[in-house]
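What follows is a single structure, written as C-alpha cells, with notes after it.
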Amino acid sequence: MAEAHPVGFQWVMEAKRRGATIIHVDPRFTRTSAVADLHVPIRAGSDIAFLGGLVNHVLSNDLDFREYVVPYTNAAAIIDERFLDTEDLDGFFSGFDTERGHYDPESWQYDGTEAAPAAGQRDPAQDTGPHGSSPDGGDSKDLHESAASESHGSGGPPVEGKPPRDETLQHPRCVYQILKRHFARYTPEMVQEVCGIAPEQFRQVADALTHNSGRERTTAFCYAVGWTHHSVGSQMIRTASILQTLLGNIGRPGGGIMALRGHASIQGSTDIPTLFNILPGYLPMPHAAQHQDLDSYVEGDAGKTGFWGNMRAYAVSLLKSYWGDAATAGNDFCFDYLPRLTGDHSTYNTVKGQIEGRSKGYFLVGENPAVGSANGKMQRLGMANLDWLVVRDLQMIESATFWKDGPEIATGELVTEEIGTEVFFMPAASHVEKAGSFTQTQRMLQWRDKAVEPPGDARSELQFYYELGQRIREKLKDSTDEMDRPLLDLTWDYPTEGPLHEPDGHAVLREINGTGPDGRALSAYTQLEDDGSTSCGCWIYCGVYADEVNQARRRKPHWEQDYVASEWGWVWPANRRILYNRASAAPDGTPWSERKRYMWWDAEQHTWAGSDVVDFIADRPPDHVPDEGATGPDAIGGQDPFIMQTDGKAWLYAPLGVADGPLPTHYEPPESPIHNPLYRQQNNPSRRKLDHPANPINPSYSEVFPYVFTTYRLTEHHTAGAMSRTLPYLTELQPEPFCEVSRRLAEERGLTHGDWVTIVTARTAIEARVLVTDRMRSLRLGDRFVEHVGLPYHWGPNGLTTGDSPNDLVNVTMDPNVYIQDKVGTCDIRPGRRPRGPALTSYVEDYRRRAGVDTADPTNGRTEG
Amino acid sequence: MGAKAFIELWPVLRQLRGADKLGRGSAVMSSRSEHLRPRTTTADRVVDSVCPFCAVGCGQKVFVKDEKVTQIEGNPASPISRGRLCPKGSASTQLVTSPTRETKVRYRRPHGTEWEDLDLDTAMDMIADRVIKTRREFWEWEDDEGRRTRRTLGIASLGGATLDNEENYLMKKLYTAMGAIQIENQARI
C-alpha cells in the first residue's frame with residue numbers, strides 16, 4: 001500500500017501512531033513492510049490457504065463475535081441436504097459438470113427454498129434448472145460464460161425468501177457448522193506447507209486479529225488489486241470477507257475490506273460500466289437465452305425482498321435516459337433496442353476473436369493492452385488482424401505502434417507491410433483540460449474543473465464520443481433499417497460550450513442522476529418509478545445532482561467538518577460513507593461500544609442517527625418484524641443490516657452467485673511448482689482457459705520451469721507506463737526495468753546482482769537487470785524451498801525508459817466469476833540477455849519442447865488425469 | 001558595501017547568529033534566492049482538480065498563468081489526501097505539459113510503414129464511416145440458435161478506467177445503441 005497508494009497509506013500510519021498493529025502480507029518486502037509491525041512473506045497465489053487458516057483459528061477456538069454473527073450473518077441458515085463439500089469430494093463441491101467445467105448450484109441452496117426459478121434470471125452465470133438447463137432450454141454453458149457474478153457489484157444475487165435458521169448454530173447443516181468442517185484442515189501446519197508461513201508467525205497474526213476485534217475494537221483489511229489477479233481471485237477476497245464478518249468487522253468504523261484500486265476512475269468505470277456484462281448500476285446486460293423482453297429481464301428480481309426488488313424501476317429509468325420519448329410502456333420502453341449477450345464477450349475472448357478474424361474494429365481509450373494486458377503477444381496478434389484501430393491517448397503508446405516496432409516485428413512473426421490494420425491515433429485531453437468526475441476507490445465522486453483548453457487536436461472522450469455519435473446519426477438519418485433505430489432514437493443532444501464546443505459534463509452528470517416527471521433532478525433512487533415517469537442513467541448515482549447542485553463538486557475543507565467529511569464530494573449510494581453501517585449498532589440499535597459508536601437508533605426521534613447516512617430505512621426500528629409475504633424494501637427486518645441481500649444477512653456461505661463454489665477453497669495457480677497439499681484437485685476446476693496456440697501453459701511441477709514469478713507495481717510508475725515512462729521526473733527515479741530474486745536463487749542459477757538475466761515461460765522470454773536482494777525470501781514449504789522472481793510490470797519499448805514487458809510472460813487463465821487472469825506463473829531464469837530476432841522464437845520453442853507443453857492442447861497445463 | 005556588512009552576509013555567520021540554526025532557510029539565501037517567488041503566487045487562477053493516477057483520489061490544485069499550467073500541487077483541504085501527493089501525483093505538471101505529448105492526429109494506412117498527417121475533421125468522418133461499415137458487415141439479428149441478439153461482434157472497445165464518469169456514460173450509451181457489446185476496461189485486467 002505504501003508502494004502503490006502512498007497517500008492513502010498516510011492513514012495507516014495515523015492508525016499506527018494511535019496504537020494500531022500493522023501487518024503486511026506480501027511475497028516481497030516493500031516500503032509497506034519497512035514500517036509494518038510484522039511482515040509475513042507468503043507464496044504468491046496461496047492466500048486462501050492463509051486466510052482459511054485464520055477462519056479455522058477463529059472457528060475452532062470460538063473466537064467469532066457471536067452477538068454479531070448470529071443476527072447479522074447467514075451462519076444460522078440451514079443448507080440443502082444434497083450439498084456436498086470439498087472435504088467430501090476431494091476438492092469439488094456437489095454439482096460439478098466435468099464436461100462443461102462448471103457448477104450447477106442447485107444443491108448449494110438454503111434448505112427448502114425454491115432455488116431453480118429464482119436463481120438465474122438476473123444471474124445467467126448460474127444454471128437455473130435441473131440438469132444444467134436454463135428455463136427456455138438454452139445451453140447453460142454460454143449462460144455461465146456471461147460473467148454475471150459481477151452484476152452483484154452493488155448487492156447480492158436474489159434468493160427465494162428467507163431460510164430456516166438454527167440460532168444455536170448446532171444443526172449439522174447450518175452454515176456455521178459447514179464452514180467449520182470446510183476449513184478444519186486449514187491448520188497452522190497446513191498453512192506452512194502451502195504458504196511457507198511459519199506457525200509462530202501465523203499465530204502472531206491470528207492473535208493480533210482476534211484481539212483487535214469485537215465490541216470495543218475493529219480491524220481493517222486493505223488489498224490492492226493483485227488479489228483479483230488469480231484464477232481464484234474472487235474467492236480470495238471472499239475468504240477475507242468471511243473472516244471479517246465472523247469477527248464483526250463489517251459495517252463498523254475502522255473495519256471493512258478496502259479494495260485499493262489502481263486507476264483514477266476504475267470504480268466509476270465499473271459503476272457506469274465500460275464492461276461487457278453490465279449496464280449502469282450493475283444491471284445485467286440482457287442475455288439472449290433469458291431476456292427477450294422487460295418482464296423476463298426483471299423477473300428474477302421483481303417482488304423479491306430487499307432493494308433489488310425495485311429493479312424494474314431502475315431498468316425502466318435507464319431505458320428512458322437512453323431513448324427518452326421513444327421509450328414508452330407500449331414498446332416495452334425500447335427494451336428490444338438492447339443488444340444481447342450469448343456468452344463470454346470479455347476482453348481476452350474478444351482478442352481471440354480478433355486473431356480469428358471475427359472482430360475487425362477496435363477502440364483503445366486510455367488503455368495500452370500491448371503492455372498492460374496478460375500475454376501481450378496475443379494482444380498484438382489481435383490488433384494486427386483488424387480492419388481499423390482507433391487509439392486515444394496522451395502519448396504514442398506501444399498499442400499504437402506495434403505494427404512497426406512490436407516484439408513480433410523483431411522476431412519476424414509479423415511483417416509491417418503485411419499488417420492491414422488502419423490506425424488512427426487521436427490525441428486525448430488530459431485531466432486538467434476537461435471538466436468531469438472521477439469515482440475513487442471508496443465510491444466517492446469528485447468533480448474536476450477545467451483549467452485550460454486541450455492542445456492542438458487533443459479532445460476529451462466526452463467530445464470525441466459525442467461528435468462520433470452525431471456524425472453516425474447524421475449519416476444514418478435517412479435510414480429506414482430497423483437495425484439503425486436504436487441509434488436514431490437515442491437521446492443525444494447535449495449543450496456545448498467553449499471555443500471547442502465541448503459537451504457540458506454537468507448536463508451529462510445530471511442525466512446520470514436522473515430527472516422526475518417535472519423535469520427536475522431527482523434526489524434519491526427511492527424516487528424512481530417503473531412507469532416511465534422518471535429517467536435515470538445510473539440508479540446508484542441518483543442524488544449526485546440533488547437540488548440541481550453538482551454534489552460531486554463540494555469542497556468543504558476537512559477542518560470544517562467531522563471525520564466523516566460528508567460534505568466533500570459525494571459517495572454512492574445516497575452519500576453513504578460506510579456501507580452496511582446499520583451493523584455498527586447492536587441488534588437493539590445501541591452502539592456496540594462508546595469507542596466504536598457510529599450509527600444508532602434514536603427512539604425519541606424515531607430515526608437512525610449519527611454522522612453518516614444510515615444504510616437502512618431511516619425510520620425502521622430495530623425491533624421491526626416484516627409482515628409475512630412482504631416484498632422489496634418492506635421485507636427488511638429491523639435486524640437485517642445487509643439490505644441489498646434478499647435475506648438481509650451477510651453471507652458467510654454463498655448459496656448463489658459465485659461460480660466456483662459457495663465457499664473459498666485453495667487451489668494451486670494454473671502453473672505451480674508444487675502439488676496442491678489440500679486436495680487431489682490441483683487447480684480451480686471452474687477456471688476459464690483461453691484455448692489458443694499463442695497461450696500455452698507451463699506444465700506444473702516442471703523442472704524446466706521451477707520458479708514462481710509474480711508481477712507488481714512500483715511507486716514511481718503507473719500501470720502500462722504511458723503516464724509515467726514518458727515523464728522525466730519519474731524516469732529518473734526509476735530508470736529501467738529489473739527483476740528481484742533472493743540470494744539463494746541467485747546462487748542456484750549463477751545470477752550476479754546488476755547483470756542482465758533472461759526470464760522465460762512457454763509464452764516468451766524477456767530480459768531485465770537482476771536485483772539480488774533479501775527483499776525476496778526463499779520460502780520453506782515442508783521439506784522444500786520455493787523461490788520467486790518478482791517483476792515490476794510497467795515497461796515496454798516506447799517512452800523515455802524502455803524495456804521488455806513482463807506481461808508478455810503471463811498466461812491467460814481466468815477466474816470464472818470475473819474473467820480476470822492469473823498473474824502468477826512459473827518460469828526459468830538464466831544469466832545473460834535474451835536471444836534477438838528469430839532466435840528468440842526458437843529459444844522459447846526449445847523450452848516448450850523440453851517442458852513437454854502439450855502441443856495438441858497447449859492450455860491444459862498437464863495437471864489433471 | 002563595507003567589510004563588516006560583507007562579512008555579515010557570510011552564510012556560516014548568519015547560520016550561527018540567526019534563527020536558522022540548521023542552515024536550511026534564511027541563513028543560506030543569496031539575494032537572488034531571497035527574491036525568488038514560487039510560481040504558484042503568480043498564477044492567474046487556481047483550479048480544483050483530482051489526481052489522475054491511482055484511485056485514492058488525492059485533491060489537486062492546478063495553477064494557470066497565461067492559459068498554461070504552471071504547477072500542480074496537493075490540495076490541503078481534501079479529507080482524503082490533506083495536501084499530499086506521491087511521486088506520480090507530484091509529476092502531474094509534467095504529465096500535462098510533456099513535450100512528447102501527441103497533439104496532432106496520426107494516421108497509418110493499411111500496410112503502411114510510416115505515420116501520416118490527417119486532419120481532425122477528416123479523421124472523425126473516416127472513423128464514423130468505418131463504424132457504420134463494420135457494424136453493418138458484422139450485424140447479427142440472431143445467433144446460430146435462432147435467439148434474437150440485435151448486435152454486432154465486429155466492434156470492440158477497451159478503456160474507461162482513466163476517464164470520467166460522464167465519458168464512460170456516453171461511451172456505453174453510444175456503443176449499446178450501436179449494438180456493440182465487447183466493451184471492456186481495466187477493471188477486467
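The chains in the C-alpha cells are called A, B, ... from first to last as shown; in each chain the residues are counted from 1, and the ligands are counted from 1 in the order shown.
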### Task
Tell me, as a PyMOL selection string, which residues lie within 9 Å of segment 95-106 of chain B, counting only C-alpha atoms; anything in the same chain fewer than 3 positions away does not count.
(chain A and resi 393-396+423-433+454-458+723-724+726-728+799) or (chain B and resi 68-70+91-92+115-120+123)
Using only C-alpha atoms, determine which residues lie at most 6 Å from Ala27 of chain B, disregarding the query and same-chain residues fewer than 4 positions distant; provide the list as a PDB file with C-alpha atoms, in the first residue's frame.
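This is the output file result_3.pdb:
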ATOM      1  CA  PRO B  11      26.159  32.199   5.409  1.00  0.00           C
ATOM      2  CA  ARG B  14      24.194  34.046   9.555  1.00  0.00           C
ATOM      3  CA  GLN B  15      23.553  30.445  10.477  1.00  0.00           C
ATOM      4  CA  ASP B  20      18.074  29.354  11.108  1.00  0.00           C
ATOM      5  CA  GLY B  23      21.044  26.294   7.651  1.00  0.00           C
TER       6      GLY B  23
END
### Task
Using only C-alpha atoms, determine which residues lie at most 9 Å from Asn368 of chain A, disregarding the query and same-chain residues fewer than 4 positions distant; provide the list as number ranges by chain.
A: 364, 372-373, 391, 393, 397-400, 720-722; B: 158-159
#### Entry: Residues near Thr176 of chain B, cut-off 12 Å, only C-alpha atoms, skip fewer than 6 positions along chain, as number ranges by chain
A: 273-280, 285-286, 319, 322-323, 335-341, 469, 484-487, 490; B: 150-153, 155-157, 168-170, 182-183
Could you write those residues out with N, CA and C atoms, as a CSV table (one decimal), in the first residue's frame?
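Below you can see result_3.csv, which holds the result:
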chain,number,residue,atom,x,y,z
A,273,PRO,N,-20.6,1.3,-16.3
A,273,PRO,CA,-19.6,0.4,-16.9
A,273,PRO,C,-19.2,0.6,-18.3
A,274,THR,N,-17.9,0.6,-18.6
A,274,THR,CA,-17.5,0.2,-19.9
A,274,THR,C,-17.0,-1.3,-19.8
A,275,LEU,N,-18.0,-2.1,-19.5
A,275,LEU,CA,-17.8,-3.6,-19.3
A,275,LEU,C,-18.9,-4.3,-20.1
A,276,PHE,N,-18.6,-5.5,-20.5
A,276,PHE,CA,-19.5,-6.2,-21.4
A,276,PHE,C,-20.7,-6.7,-20.8
A,277,ASN,N,-20.7,-7.1,-19.5
A,277,ASN,CA,-21.7,-7.9,-18.9
A,277,ASN,C,-22.7,-7.1,-18.1
A,278,ILE,N,-22.5,-5.8,-17.9
A,278,ILE,CA,-23.4,-5.0,-17.1
A,278,ILE,C,-23.7,-3.6,-17.8
A,279,LEU,N,-24.9,-3.1,-17.3
A,279,LEU,CA,-25.3,-1.8,-17.7
A,279,LEU,C,-25.1,-0.9,-16.5
A,280,PRO,N,-25.3,0.4,-16.6
A,280,PRO,CA,-25.1,1.2,-15.4
A,280,PRO,C,-25.8,0.8,-14.1
A,285,MET,N,-26.4,-6.9,-18.5
A,285,MET,CA,-26.7,-6.9,-19.9
A,285,MET,C,-27.7,-8.0,-20.2
A,286,PRO,N,-28.7,-7.8,-21.0
A,286,PRO,CA,-29.6,-8.9,-21.2
A,286,PRO,C,-28.9,-10.1,-21.9
A,319,LEU,N,-33.7,3.0,-19.4
A,319,LEU,CA,-34.1,3.0,-20.8
A,319,LEU,C,-34.7,4.3,-21.2
A,322,TYR,N,-31.8,6.6,-22.0
A,322,TYR,CA,-31.2,6.2,-23.2
A,322,TYR,C,-32.1,6.7,-24.4
A,323,TRP,N,-33.4,6.4,-24.3
A,323,TRP,CA,-34.2,6.5,-25.5
A,323,TRP,C,-35.4,7.5,-25.3
A,335,PHE,N,-36.9,-1.9,-24.7
A,335,PHE,CA,-36.0,-2.9,-24.2
A,335,PHE,C,-35.4,-3.7,-25.3
A,336,ASP,N,-36.1,-3.9,-26.4
A,336,ASP,CA,-35.6,-4.7,-27.5
A,336,ASP,C,-34.4,-4.0,-28.2
A,337,TYR,N,-34.2,-2.7,-27.9
A,337,TYR,CA,-33.0,-2.0,-28.5
A,337,TYR,C,-31.7,-2.5,-27.9
A,338,LEU,N,-31.8,-3.1,-26.7
A,338,LEU,CA,-30.6,-3.5,-26.1
A,338,LEU,C,-30.0,-4.8,-26.8
A,339,PRO,N,-28.7,-4.7,-27.1
A,339,PRO,CA,-28.1,-5.9,-27.7
A,339,PRO,C,-28.0,-7.0,-26.6
A,340,ARG,N,-28.0,-8.3,-27.0
A,340,ARG,CA,-28.0,-9.4,-26.0
A,340,ARG,C,-26.7,-10.1,-26.0
A,341,LEU,N,-26.3,-10.6,-24.9
A,341,LEU,CA,-25.1,-11.5,-24.7
A,341,LEU,C,-25.5,-12.9,-25.1
A,469,GLY,N,-21.0,10.1,-32.3
A,469,GLY,CA,-22.4,9.7,-32.3
A,469,GLY,C,-23.2,10.7,-33.2
A,484,ASP,N,-31.0,0.4,-37.3
A,484,ASP,CA,-30.5,1.7,-37.0
A,484,ASP,C,-31.4,2.5,-36.0
A,485,ARG,N,-32.5,1.9,-35.7
A,485,ARG,CA,-33.5,2.6,-34.8
A,485,ARG,C,-32.8,3.0,-33.5
A,486,PRO,N,-32.1,2.1,-32.8
A,486,PRO,CA,-31.6,2.5,-31.5
A,486,PRO,C,-30.6,3.7,-31.6
A,487,LEU,N,-29.9,3.8,-32.7
A,487,LEU,CA,-29.0,5.0,-32.9
A,487,LEU,C,-29.8,6.2,-33.1
A,490,LEU,N,-31.9,7.5,-30.1
A,490,LEU,CA,-31.1,7.8,-28.9
A,490,LEU,C,-31.3,9.2,-28.5
B,150,ARG,N,-29.6,-8.9,-31.8
B,150,ARG,CA,-29.6,-7.5,-32.2
B,150,ARG,C,-28.3,-6.8,-31.8
B,151,ARG,N,-27.2,-7.3,-32.5
B,151,ARG,CA,-25.9,-6.8,-32.0
B,151,ARG,C,-24.9,-6.9,-33.1
B,152,THR,N,-23.7,-6.4,-32.9
B,152,THR,CA,-22.5,-6.6,-33.7
B,152,THR,C,-21.4,-7.1,-32.9
B,153,LEU,N,-20.7,-8.1,-33.3
B,153,LEU,CA,-19.4,-8.5,-32.7
B,153,LEU,C,-18.2,-8.0,-33.4
B,155,ILE,N,-17.2,-4.9,-33.6
B,155,ILE,CA,-16.6,-3.7,-33.0
B,155,ILE,C,-16.4,-3.9,-31.5
B,156,ALA,N,-15.2,-3.6,-31.0
B,156,ALA,CA,-14.8,-3.8,-29.6
B,156,ALA,C,-14.2,-2.5,-29.1
B,157,SER,N,-14.2,-2.4,-27.8
B,157,SER,CA,-13.6,-1.2,-27.2
B,157,SER,C,-12.9,-1.6,-25.8
B,168,ASN,N,-17.5,7.7,-19.6
B,168,ASN,CA,-17.9,6.3,-19.6
B,168,ASN,C,-19.4,6.1,-19.9
B,169,TYR,N,-20.2,7.1,-19.4
B,169,TYR,CA,-21.6,7.0,-19.6
B,169,TYR,C,-22.0,7.2,-21.1
B,170,LEU,N,-21.3,8.2,-21.8
B,170,LEU,CA,-21.6,8.4,-23.2
B,170,LEU,C,-21.1,7.2,-24.0
B,182,GLN,N,-18.8,-5.8,-26.9
B,182,GLN,CA,-17.5,-6.2,-26.4
B,182,GLN,C,-16.8,-4.9,-25.9
B,183,ILE,N,-17.4,-4.3,-24.9
B,183,ILE,CA,-16.9,-3.1,-24.3
B,183,ILE,C,-16.3,-3.4,-23.0
### Message
My list of candidates is A:Asn684, A:Thr863, A:Thr350, A:Thr590. Which is closest to chain B when distances are computed with only C-alpha atoms?
### Response
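Of A:Asn684, A:Thr863, A:Thr350, A:Thr590, the one nearest chain B is A:Thr350, counting only C-alpha atoms.
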### Query
Which of these, A:Gly112, A:Gly790, A:Pro253, A:Gly268, has the shortest distance to chain B once you count only C-alpha atoms?
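Among A:Gly112, A:Gly790, A:Pro253, A:Gly268, it is A:Gly268 that comes nearest to chain B.
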### Message
What's around segment 50-65 of chain A at 10 Å? Count only C-alpha atoms, leave out sequence neighbours fewer than 6 positions away in its own chain, and write the answer as number ranges by chain.
### Response
A: 25, 42-43, 176-177, 179-192, 194-197, 202-203, 205-207, 209-211, 213-215, 236-249, 664-666
